[in-house]
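Below is one structure, written out as structure tokens; comments come after it.
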Amino acid sequence: MRTVQRWVIAIGLVGLVGCGAVSDETAVTASDVTGGDFALLNGPDTPSTQTVKRGSGTLFDILLESSGGFNGVVTFSIAGVPIKTTSHFSPATLTGSGDTFFIIQTINPSHDTNGGFGTPSGTYPLTVTGTSGALSHSVGITLIVR
């Protein structure tokens, strides 16, 4: 009769407090928890470049597309918005995938309560960024104010 011996070997790094040893613990990111990743795209409902008259507004459709099982919460932000405008995202966050709308309202010179010239005319390249934990992706849109 043969005797079978089984050995269980556990391999790992153990950090010792106060000894300067290194631990194998690492930071957990959103992609570790949810898996996958996401992308931001110009949505199908609006053009990525839009022209408005001062005193009017518009909206941009932004599509959140997930891949690899991503199901995290994405928070949106914007950069490049001209002065003397109001804007917001609706909704401000999405989970997994879907559409958000960036809504912007310009100010007409006659309605500028500070006695100014309203929203300045010009072409404004805007950057929409979606962030979920350590993941961050952007898409560009353009607002032209006449």
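Please note that chains go A, B, ... in the order of the structure tokens, that every chain numbers its residues from 1, and that ligands are numbered from 1 in the order shown.
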Test item, helix (DSSP H, G or I) assignment across range 17-133 of chain A, answer as a PyMOL selection string: chain A and resi 30-34+109-111
Non-local contacts of Phe70 in chain A (6 Å; only C-alpha atoms; under 5 positions in same chain excluded) as a list in words: Thr34, Gly35, Gly36, Asp37 and Gly96 of chain A
Return as JSON lines the residues of range 96-120 of chain A lying at most 8 Å from range 39-56 of chain A, together with the closest atom-to-atom pair for each and the distance in Å to one decimal, counting only C-alpha atoms, with rows in chain order and ascending residue number.
```
{"residue": "A:Asp99", "atom": "CA", "partner": "A:Gly43", "partner_atom": "CA", "distance": 7.2}
{"residue": "A:Gln105", "atom": "CA", "partner": "A:Ser56", "partner_atom": "CA", "distance": 5.9}
{"residue": "A:Thr106", "atom": "CA", "partner": "A:Gly55", "partner_atom": "CA", "distance": 5.0}
{"residue": "A:Ile107", "atom": "CA", "partner": "A:Gly55", "partner_atom": "CA", "distance": 4.3}
{"residue": "A:Asn108", "atom": "CA", "partner": "A:Gly55", "partner_atom": "CA", "distance": 3.9}
{"residue": "A:Pro109", "atom": "CA", "partner": "A:Arg54", "partner_atom": "CA", "distance": 7.6}
{"residue": "A:His111", "atom": "CA", "partner": "A:Gly55", "partner_atom": "CA", "distance": 7.9}
{"residue": "A:Gly118", "atom": "CA", "partner": "A:Arg54", "partner_atom": "CA", "distance": 7.3}
{"residue": "A:Thr119", "atom": "CA", "partner": "A:Arg54", "partner_atom": "CA", "distance": 6.3}
{"residue": "A:Pro120", "atom": "CA", "partner": "A:Arg54", "partner_atom": "CA", "distance": 7.9}
```
Atom-to-atom span, CA of Val81 in chain A and CA of Ser67 in chain A, Å: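 Atom-to-atom, CA of Val81 in chain A to CA of Ser67 in chain A, that is 29.4 Å.
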Contacts of Thr75 in chain A at 10 Å (only C-alpha atoms; same-chain gap of 3+ positions) as a count of residues only: 13
Residues near Gly98 in chain A, cut-off 9 Å, only C-alpha atoms, skip fewer than 4 positions along chain, as an MDAnalysis selection string: chainID A and resid 62:66 94
Computed interatomic separation between CA of Pro125 in chain A and CA of Gly140 in chain A (Å): 7.0 Å
